[in-house]
Each structure stands twice: as structure tokens, then as C-alpha cells.
$ cat coords_25.cif   # mmCIF, C-alpha atoms
data_coords
#
loop_
_atom_site.label_atom_id
_atom_site.label_comp_id
_atom_site.auth_asym_id
_atom_site.auth_seq_id
_atom_site.Cartn_x
_atom_site.Cartn_y
_atom_site.Cartn_z
CA MET C 24 52.42 -14.12 0.48
CA TRP C 25 55.88 -14.14 2.06
CA ALA C 26 56.50 -17.64 0.73
CA ARG C 27 55.64 -16.55 -2.82
CA LEU C 28 57.84 -13.48 -2.48
CA TRP C 29 60.73 -15.58 -1.19
CA ASN C 30 60.39 -18.10 -4.02
CA ARG C 31 60.32 -15.28 -6.56
CA CYS C 32 63.43 -13.71 -5.04
CA ARG C 33 65.24 -17.06 -5.00
CA GLY C 34 64.71 -17.31 -8.73
CA THR C 35 66.67 -14.06 -9.30
CA LYS C 36 70.33 -14.98 -8.83
CA PRO C 37 71.82 -11.44 -8.87
CA LEU C 38 69.41 -10.34 -6.16
CA VAL C 39 70.23 -13.31 -3.94
CA ASP C 40 73.98 -12.89 -4.49
CA ALA C 41 73.73 -9.18 -3.72
CA LEU C 42 71.97 -9.99 -0.45
CA PHE C 43 74.75 -12.41 0.51
CA ALA C 44 77.38 -9.79 -0.32
CA ALA C 45 75.54 -7.10 1.69
CA PRO C 46 77.07 -8.07 5.11
CA LEU C 47 80.57 -7.74 3.69
CA ALA C 48 79.70 -4.36 2.20
CA LEU C 49 78.20 -3.21 5.50
CA PHE C 50 81.26 -4.46 7.35
CA VAL C 51 83.51 -2.44 5.06
CA VAL C 52 81.48 0.76 4.85
CA THR C 53 80.90 1.13 8.60
CA GLY C 54 84.62 0.88 9.30
CA LEU C 55 84.20 -2.16 11.56
CA ALA C 56 87.04 -3.87 9.70
CA GLY C 57 89.49 -1.41 11.25
CA ASP C 58 91.34 -0.85 7.97
CA ILE C 59 89.35 2.16 6.81
CA TRP C 60 92.35 4.41 7.45
CA ALA C 61 94.76 2.25 5.47
CA MET C 62 94.26 4.64 2.56
CA PRO C 63 92.24 7.81 1.86
CA VAL C 64 88.55 7.23 2.59
CA GLU C 65 87.46 8.03 -0.98
CA ILE C 66 89.94 5.56 -2.45
CA TYR C 67 89.12 2.99 0.24
CA LEU C 68 85.36 3.12 -0.49
CA ALA C 69 85.84 3.11 -4.27
CA TRP C 70 88.26 0.19 -4.12
CA SER C 71 85.98 -1.74 -1.79
CA CYS C 72 82.96 -1.16 -4.02
CA ALA C 73 84.95 -2.29 -7.06
CA LEU C 74 85.77 -5.54 -5.25
CA ILE C 75 82.33 -6.22 -3.74
CA LEU C 76 79.88 -5.11 -6.46
CA PRO C 77 80.91 -7.83 -8.98
CA LEU C 78 79.83 -10.44 -6.41
CA ALA C 79 76.21 -9.72 -7.35
CA LEU C 80 76.91 -11.48 -10.67
CA ARG C 81 79.14 -14.25 -9.33
CA ARG C 82 76.79 -17.15 -10.26
CA LEU C 83 75.85 -15.70 -13.63
CA TYR C 84 79.45 -15.02 -14.69
CA PRO C 85 81.67 -16.88 -12.20
CA ARG C 86 84.87 -16.81 -14.28
CA SER C 87 84.54 -13.13 -15.14
CA VAL C 88 83.81 -12.13 -11.54
CA PHE C 89 86.77 -14.14 -10.22
CA ALA C 90 89.07 -12.66 -12.85
CA THR C 91 87.89 -9.12 -12.00
CA VAL C 92 88.42 -9.35 -8.23
CA ALA C 93 91.71 -11.24 -8.70
CA LEU C 94 93.09 -8.57 -11.07
CA LEU C 95 91.97 -5.78 -8.74
CA SER C 96 93.71 -7.50 -5.83
CA PHE C 97 96.85 -8.01 -7.93
CA ALA C 98 96.79 -4.32 -8.91
CA GLN C 99 96.47 -3.50 -5.22
CA VAL C 100 99.69 -5.38 -4.54
CA VAL C 101 101.44 -3.73 -7.49
CA VAL C 102 100.59 -0.19 -6.31
CA ASN C 103 101.54 -1.16 -2.75
CA LYS C 104 98.12 -0.63 -1.17
CA PRO C 105 97.66 -2.82 1.92
CA PRO C 106 94.90 -5.47 2.00
CA VAL C 107 91.42 -4.44 3.14
CA ALA C 108 88.35 -6.40 4.25
CA ALA C 109 86.88 -6.18 0.75
CA ASN C 110 89.67 -8.44 -0.49
CA MET C 111 87.64 -11.34 0.94
CA ALA C 112 85.71 -11.04 -2.31
CA VAL C 113 88.48 -13.20 -3.80
CA LEU C 114 87.54 -16.02 -1.43
CA VAL C 115 83.84 -15.64 -2.28
CA ALA C 116 84.63 -15.78 -6.00
CA LEU C 117 86.91 -18.79 -5.42
CA TYR C 118 84.08 -20.60 -3.62
CA THR C 119 81.76 -19.87 -6.56
CA ILE C 120 84.23 -21.31 -9.08
CA ALA C 121 84.73 -24.47 -7.00
CA ALA C 122 81.01 -24.93 -6.30
CA TYR C 123 79.57 -24.30 -9.76
CA LEU C 124 82.25 -25.05 -12.36
CA THR C 125 84.31 -28.10 -13.24
CA PHE C 126 87.18 -29.41 -11.15
CA ARG C 127 89.70 -28.10 -13.69
CA TRP C 128 88.45 -24.54 -13.25
CA ALA C 129 88.38 -25.01 -9.48
CA VAL C 130 92.06 -26.04 -9.44
CA ALA C 131 93.03 -23.09 -11.66
CA ALA C 132 91.17 -20.64 -9.39
CA ALA C 133 92.79 -22.16 -6.27
CA VAL C 134 96.26 -21.75 -7.82
CA VAL C 135 95.55 -18.09 -8.64
CA ALA C 136 94.20 -17.40 -5.14
CA GLU C 137 97.18 -19.10 -3.49
CA PHE C 138 99.57 -17.10 -5.70
CA GLY C 139 97.83 -13.93 -4.54
CA ALA C 140 98.20 -15.05 -0.91
CA VAL C 141 101.95 -15.56 -1.43
CA LEU C 142 102.34 -12.13 -3.07
CA ALA C 143 100.38 -10.37 -0.33
CA THR C 144 102.35 -12.12 2.41
CA PHE C 145 105.81 -11.23 1.14
CA ARG C 146 104.72 -7.74 0.00
CA PHE C 147 103.06 -6.47 3.15
CA MET C 148 104.71 -8.49 5.94
CA SER C 149 108.25 -8.26 7.26
CA GLY C 150 110.17 -10.84 9.19
CA TRP C 151 110.29 -14.56 8.44
CA GLY C 152 108.16 -15.39 11.46
CA ASN C 153 105.34 -13.06 10.46
CA GLN C 154 105.55 -14.11 6.83
CA ARG C 155 105.40 -17.79 7.72
CA TYR C 156 102.44 -17.29 10.02
CA GLY C 157 100.63 -15.03 7.51
CA LEU C 158 101.21 -17.42 4.60
CA LEU C 159 99.96 -20.35 6.66
CA THR C 160 96.83 -18.46 7.68
CA LEU C 161 96.01 -17.30 4.15
CA SER C 162 96.73 -20.77 2.70
CA VAL C 163 94.38 -22.36 5.23
CA LEU C 164 91.67 -19.85 4.28
CA VAL C 165 92.15 -20.48 0.56
CA GLY C 166 92.20 -24.26 1.02
CA GLY C 167 89.20 -24.25 3.35
CA VAL C 168 87.09 -22.13 1.00
CA TRP C 169 88.16 -24.25 -1.97
CA LEU C 170 87.26 -27.52 -0.21
CA LEU C 171 83.94 -26.07 0.91
CA GLY C 172 83.12 -25.19 -2.68
CA LEU C 173 84.05 -28.68 -3.87
CA TYR C 174 81.93 -30.24 -1.16
CA MET C 175 78.92 -28.12 -2.10
CA ARG C 176 79.37 -29.00 -5.77
CA THR C 177 79.52 -32.72 -4.95
CA ARG C 178 76.51 -32.46 -2.69
CA ARG C 179 74.56 -30.57 -5.35
CA GLN C 180 75.42 -33.24 -7.94
CA TYR C 181 74.36 -35.97 -5.52
CA LEU C 182 71.04 -34.29 -4.83
CA ARG C 183 70.52 -33.83 -8.55
CA SER C 184 71.23 -37.51 -9.16
CA VAL C 185 68.73 -38.42 -6.43
CA GLU C 186 66.11 -36.19 -8.06
CA LEU C 187 66.80 -37.74 -11.48
CA ARG C 188 66.54 -41.23 -9.99
CA ALA C 189 63.25 -40.32 -8.33
CA GLU C 190 61.94 -38.92 -11.62
CA ARG C 191 63.02 -42.07 -13.45
CA LEU C 192 61.35 -44.30 -10.86
CA GLU C 193 58.21 -42.21 -11.12
CA ARG C 194 58.21 -42.59 -14.91
CA GLU C 195 58.78 -46.34 -14.56
CA ARG C 196 55.93 -46.55 -12.07
CA ASP C 197 53.64 -44.69 -14.46
CA THR C 198 54.70 -47.01 -17.26
CA GLU C 199 53.95 -50.05 -15.11
CA VAL C 200 50.56 -48.61 -14.25
CA GLN C 201 49.81 -48.05 -17.93
CA ILE C 202 50.89 -51.60 -18.77
CA ALA C 203 48.69 -52.94 -15.98
CA MET C 204 45.77 -50.87 -17.23
CA ALA C 205 46.30 -52.11 -20.79
CA SER C 206 46.43 -55.69 -19.53
CA GLU C 207 43.24 -55.19 -17.56
CA ARG C 208 41.50 -53.65 -20.54
CA ALA C 209 42.60 -56.61 -22.69
CA ARG C 210 41.18 -58.97 -20.08
CA ILE C 211 37.90 -57.04 -20.07
CA ALA C 212 37.83 -57.15 -23.87
CA ARG C 213 38.14 -60.95 -23.74
CA GLU C 214 35.40 -61.10 -21.11
CA LEU C 215 33.14 -58.94 -23.24
CA HIS C 216 33.79 -61.09 -26.28
CA ASP C 217 32.87 -64.24 -24.38
CA VAL C 218 29.77 -62.77 -22.78
CA VAL C 219 28.44 -61.06 -25.89
CA ALA C 220 29.20 -63.95 -28.24
CA HIS C 221 27.61 -66.52 -25.96
CA ASN C 222 24.45 -64.62 -25.07
CA VAL C 223 23.87 -63.27 -28.58
CA SER C 224 24.23 -66.78 -29.97
CA VAL C 225 21.64 -68.06 -27.49
CA ILE C 226 19.31 -65.18 -28.36
CA VAL C 227 19.67 -65.83 -32.10
CA VAL C 228 18.94 -69.54 -31.71
CA GLN C 229 15.93 -68.89 -29.49
CA ALA C 230 14.64 -66.21 -31.87
CA ASP C 231 14.90 -68.61 -34.81
CA GLY C 232 13.03 -71.24 -32.86
CA ALA C 233 10.32 -68.80 -31.89
CA SER C 234 9.86 -67.66 -35.47
CA TYR C 235 9.35 -71.26 -36.61
CA ALA C 236 6.95 -72.18 -33.79
CA ILE C 237 4.95 -68.97 -33.47
CA GLU C 238 2.20 -70.21 -35.80
CA THR C 239 2.13 -73.91 -34.87
CA ASP C 240 3.16 -74.01 -31.21
CA THR C 241 2.50 -70.74 -29.38
CA GLU C 242 3.52 -72.16 -26.01
CA ARG C 243 6.96 -73.11 -27.30
CA ALA C 244 7.30 -69.71 -28.95
CA ARG C 245 6.39 -68.05 -25.66
CA GLN C 246 9.04 -70.09 -23.82
CA ALA C 247 11.62 -69.08 -26.44
CA LEU C 248 10.75 -65.41 -26.01
CA GLU C 249 11.05 -65.73 -22.23
CA ALA C 250 14.47 -67.34 -22.71
CA ILE C 251 15.48 -64.45 -24.99
CA SER C 252 14.38 -61.95 -22.36
CA ALA C 253 16.23 -63.74 -19.56
CA THR C 254 19.38 -64.13 -21.65
CA GLY C 255 19.33 -60.46 -22.66
CA ARG C 256 19.00 -59.36 -19.03
CA GLN C 257 21.83 -61.65 -18.01
CA ALA C 258 24.05 -60.28 -20.78
CA LEU C 259 23.31 -56.69 -19.77
CA ALA C 260 24.05 -57.46 -16.11
CA GLU C 261 27.42 -59.06 -16.93
CA MET C 262 28.38 -56.22 -19.27
CA ARG C 263 27.53 -53.60 -16.65
CA ARG C 264 29.56 -55.50 -14.07
CA MET C 265 32.63 -55.72 -16.28
CA LEU C 266 32.41 -52.20 -17.68
CA GLY C 267 32.12 -50.87 -14.14
CA VAL C 268 35.84 -51.42 -13.60
CA LEU C 269 36.53 -48.93 -16.40
CA ARG C 270 35.00 -46.06 -14.45
CA GLU C 271 37.47 -43.50 -13.20
CA THR C 272 35.72 -43.12 -9.85
CA ASP C 273 34.17 -45.74 -7.63
CA ASP C 274 30.51 -45.04 -6.96
CA GLY C 275 30.38 -47.51 -4.12
CA GLY C 276 28.32 -50.04 -6.06
CA SER C 277 28.94 -53.75 -5.65
CA TYR C 278 29.33 -56.13 -8.51
CA ALA C 279 28.43 -59.81 -8.74
CA PRO C 280 31.27 -62.33 -8.37
CA GLN C 281 32.86 -63.83 -11.45
CA PRO C 282 31.39 -67.15 -12.62
CA GLY C 283 33.25 -70.32 -11.71
CA VAL C 284 33.00 -74.10 -11.82
CA GLU C 285 29.78 -74.13 -9.80
CA GLN C 286 28.08 -72.01 -12.46
CA LEU C 287 28.79 -74.61 -15.18
CA THR C 288 25.53 -76.35 -14.25
CA ASP C 289 23.58 -73.16 -14.99
CA LEU C 290 25.50 -72.72 -18.25
CA VAL C 291 24.69 -76.28 -19.32
CA ALA C 292 21.01 -75.74 -18.51
CA GLN C 293 21.00 -72.52 -20.54
CA ILE C 294 22.55 -74.26 -23.54
CA ARG C 295 20.04 -77.08 -23.29
CA ASP C 296 17.22 -74.58 -23.18
CA ALA C 297 18.65 -73.04 -26.35
CA GLY C 298 18.05 -76.36 -28.12
CA LEU C 299 21.46 -78.09 -28.03
CA PRO C 300 21.40 -81.61 -26.56
CA LEU C 301 24.22 -81.61 -24.06
CA GLU C 302 25.83 -84.08 -21.68
CA PHE C 303 27.84 -82.85 -18.72
CA ALA C 304 30.17 -85.11 -16.71
CA VAL C 305 32.64 -84.55 -13.87
CA GLU C 306 35.42 -87.07 -13.29
CA GLY C 307 37.80 -87.33 -10.38
CA VAL C 308 37.75 -85.63 -7.01
CA PRO C 309 36.96 -81.89 -7.19
CA LEU C 310 39.86 -79.72 -6.02
CA GLU C 311 40.05 -76.33 -4.35
CA ILE C 312 41.26 -74.00 -7.09
CA SER C 313 41.61 -70.25 -7.36
CA GLU C 314 38.83 -68.01 -8.62
CA GLY C 315 40.96 -67.06 -11.64
CA ARG C 316 41.29 -70.70 -12.71
CA GLN C 317 37.58 -71.26 -12.16
CA LEU C 318 36.78 -68.29 -14.37
CA THR C 319 39.15 -69.62 -17.05
CA ILE C 320 37.47 -73.03 -16.99
CA PHE C 321 34.02 -71.44 -17.21
CA ARG C 322 34.96 -69.21 -20.15
CA ILE C 323 36.59 -72.04 -22.09
CA VAL C 324 33.48 -74.21 -21.71
CA GLN C 325 31.23 -71.25 -22.53
CA GLU C 326 33.18 -70.31 -25.67
CA SER C 327 33.33 -73.91 -26.88
CA LEU C 328 29.59 -74.44 -26.44
CA THR C 329 28.87 -71.08 -28.06
CA ASN C 330 30.84 -72.16 -31.14
CA THR C 331 28.94 -75.45 -31.23
CA LEU C 332 25.65 -73.62 -30.89
CA LYS C 333 26.55 -71.22 -33.69
CA HIS C 334 28.26 -73.56 -36.13
CA GLY C 335 27.43 -77.13 -35.22
CA GLY C 336 24.16 -77.29 -37.11
CA PRO C 337 20.57 -78.05 -36.05
CA ARG C 338 21.20 -81.73 -35.25
CA ALA C 339 24.45 -81.39 -33.38
CA THR C 340 24.92 -82.79 -29.87
CA ALA C 341 27.69 -81.98 -27.43
CA ARG C 342 29.45 -83.35 -24.40
CA VAL C 343 31.38 -81.53 -21.68
CA CYS C 344 33.76 -83.50 -19.47
CA LEU C 345 35.58 -81.92 -16.55
CA HIS C 346 38.35 -84.21 -15.29
CA TYR C 347 40.16 -83.44 -12.01
CA GLY C 348 43.70 -84.85 -12.01
CA ASP C 349 46.49 -84.65 -9.46
CA ASP C 350 48.32 -81.81 -11.17
CA ALA C 351 45.84 -80.35 -13.64
CA ILE C 352 42.22 -80.05 -14.65
CA GLU C 353 41.32 -81.18 -18.14
CA ILE C 354 38.34 -79.67 -19.94
CA ARG C 355 37.11 -81.60 -22.94
CA VAL C 356 34.24 -80.24 -25.04
CA THR C 357 33.21 -82.36 -28.05
CA ASP C 358 30.40 -82.23 -30.58
CA ASP C 359 29.27 -84.14 -33.65
CA GLY C 360 28.43 -81.11 -35.75
CA ARG C 361 29.84 -79.80 -38.99
CA GLY C 362 33.45 -79.79 -37.97
CA ALA C 363 36.44 -77.43 -38.19
CA SER C 364 35.35 -75.38 -41.19
CA ALA C 365 32.22 -74.26 -39.40
CA HIS C 366 34.11 -73.34 -36.23
CA ASN C 367 36.65 -71.18 -38.08
CA ASP C 368 35.07 -67.75 -38.55
CA GLY C 369 38.13 -66.32 -40.29
CA ARG C 370 39.16 -64.34 -37.21
CA GLY C 371 39.72 -66.94 -34.52
CA HIS C 372 39.09 -64.53 -31.62
CA GLY C 373 37.36 -67.21 -29.54
CA LEU C 374 40.10 -69.84 -29.80
CA MET C 375 42.79 -67.22 -29.36
CA GLY C 376 41.07 -65.95 -26.22
CA MET C 377 40.87 -69.50 -24.80
CA ARG C 378 44.57 -70.06 -25.43
CA GLU C 379 45.48 -66.75 -23.80
CA ARG C 380 43.41 -67.57 -20.71
CA ALA C 381 44.98 -71.01 -20.34
CA ALA C 382 48.50 -69.65 -20.92
CA VAL C 383 48.13 -67.31 -17.93
CA TYR C 384 48.22 -70.37 -15.63
CA GLY C 385 50.76 -72.35 -17.63
CA GLY C 386 48.17 -74.41 -19.48
CA GLY C 387 47.26 -74.94 -23.09
CA VAL C 388 44.35 -75.47 -25.44
CA GLU C 389 44.13 -77.83 -28.41
CA ALA C 390 41.22 -77.46 -30.80
CA GLY C 391 40.45 -79.27 -34.02
CA PRO C 392 38.24 -81.71 -35.87
CA ARG C 393 37.41 -85.12 -34.42
CA PRO C 394 38.00 -88.36 -36.31
CA GLY C 395 34.72 -89.27 -37.94
CA GLY C 396 33.27 -85.77 -37.80
CA GLY C 397 32.62 -83.06 -35.31
CA PHE C 398 34.88 -80.76 -33.35
CA GLN C 399 36.66 -80.94 -30.02
CA VAL C 400 38.36 -78.55 -27.62
CA VAL C 401 40.76 -79.95 -25.03
CA ALA C 402 42.20 -77.60 -22.43
CA ARG C 403 44.58 -78.34 -19.59
CA ILE C 404 44.84 -76.01 -16.61
CA PRO C 405 47.53 -76.73 -13.96
CA VAL C 406 46.20 -76.53 -10.42
CA ARG C 407 49.51 -75.60 -8.75
CA GLU C 408 51.90 -72.73 -9.31
CA GLU C 409 55.42 -73.76 -10.25
CA ALA C 410 58.04 -72.28 -7.99
CA LYS C 411 60.47 -70.04 -9.90
CA ILE C 412 64.03 -69.83 -8.59
#
$ encode --input "coords_25.cif" --output "C-alpha cells"
Amino acid sequence: MWARLWNRCRGTKPLVDALFAAPLALFVVTGLAGDIWAMPVEIYLAWSCALILPLALRRLYPRSVFATVALLSFAQVVVNKPPVAANMAVLVALYTIAAYLTFRWAVAAAVVAEFGAVLATFRFMSGWGNQRYGLLTLSVLVGGVWLLGLYMRTRRQYLRSVELRAERLERERDTEVQIAMASERARIARELHDVVAHNVSVIVVQADGASYAIETDTERARQALEAISATGRQALAEMRRMLGVLRETDDGGSYAPQPGVEQLTDLVAQIRDAGLPLEFAVEGVPLEISEGRQLTIFRIVQESLTNTLKHGGPRATARVCLHYGDDAIEIRVTDDGRGASAHNDGRGHGLMGMRERAAVYGGGVEAGPRPGGGFQVVARIPVREEAKI
């Protein structure tokens, strides 16, 4: 409760400024300043109130408040009324000008205050010694208050710049998070495209085979239906695994690891079961490569075989060759099907996705018709990161 009340009071500048001026008013009214008898009490209290009360508005109207207390002090000198404790209101107003306004206004206010100090010294003090000492004292007070105001203004500007920098860094961090999220969603979209396209193609081929064999070869039709069921379950499992990363909260569930090079054997077997004669060869010495590269290799082979399965024709055959080199892994997928026109669906999402995956690791993909017929996809994935200086 007290914290809320304090925060509410801090938001009301006149109230806060009045509280800060209250000690000076109490000092004057109680006569502790010792100058209460410098003039009639009524005039003393009225003059003191006229000097102190404007301080409640010093941050709302700093120039007007300074001008008011400075003119009252100047009038006091003109009518030959000695200084009183309430004249310290000039110093408070000077501090406000220096702390909250520009340097030009601060210099102007300091000149006015110093002029008032000179007038008061030579008006109310006699003797060169007293005048010199009084002028030095008042000048030190004016200069000290002025420098304090400048310091507080500089400190306030520094703190404001720190806050602005922190806000900018926070905005940049949020932007980076959004970019990372967009990149992750694009990656998931590519994964979904590969999974859905591959499994749906297998299901379609198996369903066509089952429809042709259901009346003449029931056993083959039954095997095709079992393959459809298994492929559908596998597709659903992969989709649930990938879509799980889009959830806002983690439910503690575990997801299967991403497929890699070792899963190519299962992929080849699945394609063969779908009715595409397929040869799979590995050349060179297998290397230890990152999971990301393994996933890229798997998806490129999967997408290439999916295109062959969809567009190669009923008599097409395919070959997958995985060659391990010293600096890169080459994936070559070839078929003897209908060629480039069949592989181009008018959108090119599959080939574009393969090129994007390979480009992440500094590789590339070339796809096009083979001499003599058919289609081929050749991808090159570097196995080492290039050091960037």
C-alpha cells in the first residue's frame, strides 16, 4: 500500500516539489534562521511565502519560477530590505534551471544569480574585507548549486541513454527471436512437404496396385493394404513429431530422432515395396558427419525417389549412389523414367527445398534430364565447416 501511495505521489510533481520546499518553509516560519526580526513579522512572513511558494511549481514552470524569485529578490535589494533565509529559493530555482533545461538557459540563470549576489554584497555589507568575503561565499554557493544542477542533468541524460539502449537491445533481441522462429517454421514446412509428399506418393502407388490386384491376386492386394496402413502410421508419427515443436508449452513428451544416413536402407526398402525397382550403393569410406547433414542427405534422397515414384512411370527403375569423398559427400539419384517434363510439377517446391537444404552447409544440387532419357539429381554436401575470418 505504501509503495503504491509513494509511486502515486512521485507522479505529481507539484506535490513532490512542495515537500522538498517544506523544510525551508519550516526553517523560516519557526524563526530558526535568526533573521525573523530583520523586518516586521507580517512583512517577513509574507515576503518569505512569496519566495517559497513558487517552488512548488519549479519543475512545471522552471523559467517562470526562477524569474519570479529573482525579481522578488531584486525588489528586496531596491527597497533596502536585508536578505532572509527564504532568499535561498533563488538557489533552488537556479538548480532547477541547470538540471532540467538546456545549457544556454543554465548559463543565463547563473549570470542572473551571480548578479544578484554582487548587488546584495555591495548593498548590505560595508568594508572591503566583508564585501570580499561575502561575495566569495555567495559566488561559491551560486557556482556549487549551478554545477550540481549540470551534473544531475548530465546524469539524467546518461541514464536515459542507457534506458534507450536497453530498450533498443530488447527490441533487437525480440526481432532476432522472431527471425529464428520464422526460420524454424520454414524448416518445419520443408520437413512437412518432404514427409507428406513421400508418404502420400507411396500410399497412392500402393492403392493403385491394390485396386488392380484385388480381383486377381488377393494376397498381393492384402500386402499393398498393409503397406498403406504402415506408411500412413509412419507419416502421422513424423508429422506429430515435427508439429510438436510448434507447441507453446512443452508437455514433457519425447520425440523420435531425425532420420539420417542409417535410415536410407529403410527408405530404399519402402520404395521397393511400393513397386519401384531400386539399386542402392555406397562408395568410399563412411565419415562421421553431423546430424543436420545426415538429415539433409536423407531428405534429398527421399525427395528424389518420391519424384521418380510419382512421375517416372510404371516401368521406371532407379539407382541411388552415396559417395564419401575427402571433402564432401556426393548423392546421385538417377532413373530411366519419363524425364524432366514429368518431374516439373509447375511449382518446383521439391527441388527448391533440396537446394535450400544443401545451401545451408555450403553445398549445391543439380537436377535435370539424363542423356538418353530419364532424370538425375546430383547433390554435393561438404563435410567440413569452412573457417571464416
$ resolve_selection --input "coords_25.cif" --expression "the PyMOL selection byres ((chain C and resi 130) around 12)" --output "VMD selection string"
chain C and resid 117 to 118 120 to 122 124 to 129 131 to 137 165 to 166 169 to 170 172 to 173
$ resolve_selection --input "coords_25.cif" --expression "the PyMOL selection byres ((chain C and resi 331) around 12)" --output "PDB file with C-alpha atoms, keeping the file's coordinate frame"
ATOM      1  CA  ALA C 220      29.200 -63.950 -28.240  1.00  0.00           C
ATOM      2  CA  HIS C 221      27.610 -66.520 -25.960  1.00  0.00           C
ATOM      3  CA  SER C 224      24.230 -66.780 -29.970  1.00  0.00           C
ATOM      4  CA  VAL C 225      21.640 -68.060 -27.490  1.00  0.00           C
ATOM      5  CA  VAL C 228      18.940 -69.540 -31.710  1.00  0.00           C
ATOM      6  CA  ILE C 294      22.550 -74.260 -23.540  1.00  0.00           C
ATOM      7  CA  ALA C 297      18.650 -73.040 -26.350  1.00  0.00           C
ATOM      8  CA  GLY C 298      18.050 -76.360 -28.120  1.00  0.00           C
ATOM      9  CA  LEU C 299      21.460 -78.090 -28.030  1.00  0.00           C
ATOM     10  CA  PRO C 300      21.400 -81.610 -26.560  1.00  0.00           C
ATOM     11  CA  LEU C 301      24.220 -81.610 -24.060  1.00  0.00           C
ATOM     12  CA  VAL C 324      33.480 -74.210 -21.710  1.00  0.00           C
ATOM     13  CA  GLN C 325      31.230 -71.250 -22.530  1.00  0.00           C
ATOM     14  CA  GLU C 326      33.180 -70.310 -25.670  1.00  0.00           C
ATOM     15  CA  SER C 327      33.330 -73.910 -26.880  1.00  0.00           C
ATOM     16  CA  LEU C 328      29.590 -74.440 -26.440  1.00  0.00           C
ATOM     17  CA  THR C 329      28.870 -71.080 -28.060  1.00  0.00           C
ATOM     18  CA  ASN C 330      30.840 -72.160 -31.140  1.00  0.00           C
ATOM     19  CA  LEU C 332      25.650 -73.620 -30.890  1.00  0.00           C
ATOM     20  CA  LYS C 333      26.550 -71.220 -33.690  1.00  0.00           C
ATOM     21  CA  HIS C 334      28.260 -73.560 -36.130  1.00  0.00           C
ATOM     22  CA  GLY C 335      27.430 -77.130 -35.220  1.00  0.00           C
ATOM     23  CA  GLY C 336      24.160 -77.290 -37.110  1.00  0.00           C
ATOM     24  CA  PRO C 337      20.570 -78.050 -36.050  1.00  0.00           C
ATOM     25  CA  ARG C 338      21.200 -81.730 -35.250  1.00  0.00           C
ATOM     26  CA  ALA C 339      24.450 -81.390 -33.380  1.00  0.00           C
ATOM     27  CA  THR C 340      24.920 -82.790 -29.870  1.00  0.00           C
ATOM     28  CA  ALA C 341      27.690 -81.980 -27.430  1.00  0.00           C
ATOM     29  CA  ARG C 342      29.450 -83.350 -24.400  1.00  0.00           C
ATOM     30  CA  VAL C 343      31.380 -81.530 -21.680  1.00  0.00           C
ATOM     31  CA  VAL C 356      34.240 -80.240 -25.040  1.00  0.00           C
ATOM     32  CA  THR C 357      33.210 -82.360 -28.050  1.00  0.00           C
ATOM     33  CA  ASP C 358      30.400 -82.230 -30.580  1.00  0.00           C
ATOM     34  CA  ASP C 359      29.270 -84.140 -33.650  1.00  0.00           C
ATOM     35  CA  GLY C 360      28.430 -81.110 -35.750  1.00  0.00           C
ATOM     36  CA  ARG C 361      29.840 -79.800 -38.990  1.00  0.00           C
ATOM     37  CA  GLY C 362      33.450 -79.790 -37.970  1.00  0.00           C
ATOM     38  CA  ALA C 363      36.440 -77.430 -38.190  1.00  0.00           C
ATOM     39  CA  SER C 364      35.350 -75.380 -41.190  1.00  0.00           C
ATOM     40  CA  ALA C 365      32.220 -74.260 -39.400  1.00  0.00           C
ATOM     41  CA  HIS C 366      34.110 -73.340 -36.230  1.00  0.00           C
ATOM     42  CA  ASN C 367      36.650 -71.180 -38.080  1.00  0.00           C
ATOM     43  CA  GLY C 373      37.360 -67.210 -29.540  1.00  0.00           C
ATOM     44  CA  GLY C 397      32.620 -83.060 -35.310  1.00  0.00           C
ATOM     45  CA  PHE C 398      34.880 -80.760 -33.350  1.00  0.00           C
ATOM     46  CA  GLN C 399      36.660 -80.940 -30.020  1.00  0.00           C
ATOM     47  CA  VAL C 400      38.360 -78.550 -27.620  1.00  0.00           C
TER      48      VAL C 400
END
$ resolve_selection --input "coords_25.cif" --expression "the PyMOL selection byres ((chain C and resi 145) around 12)" --output "NGL selection string"
:C and (100 or 103 or 105 or 138-144 or 146-158 or 161)
$ residues_near_point --input "coords_25.cif" --point "(78.7, -4.3, -1.9)" --cutoff "9 Å" --atoms "all atoms listed in the file" --output "JSON, numbers by chain"
{"C": [41, 42, 44, 45, 46, 47, 48, 49, 51, 52, 71, 72, 73, 74, 75, 76, 77, 78, 79, 109]}
$ atom_distance --input "coords_25.cif" --atom1 "CA of Ala116 (chain C)" --atom2 "CA of Leu38 (chain C)"
16.2 Å
$ atom_distance --input "coords_25.cif" --atom1 "CA of Gly376 (chain C)" --atom2 "CA of Ile226 (chain C)"
21.9 Å
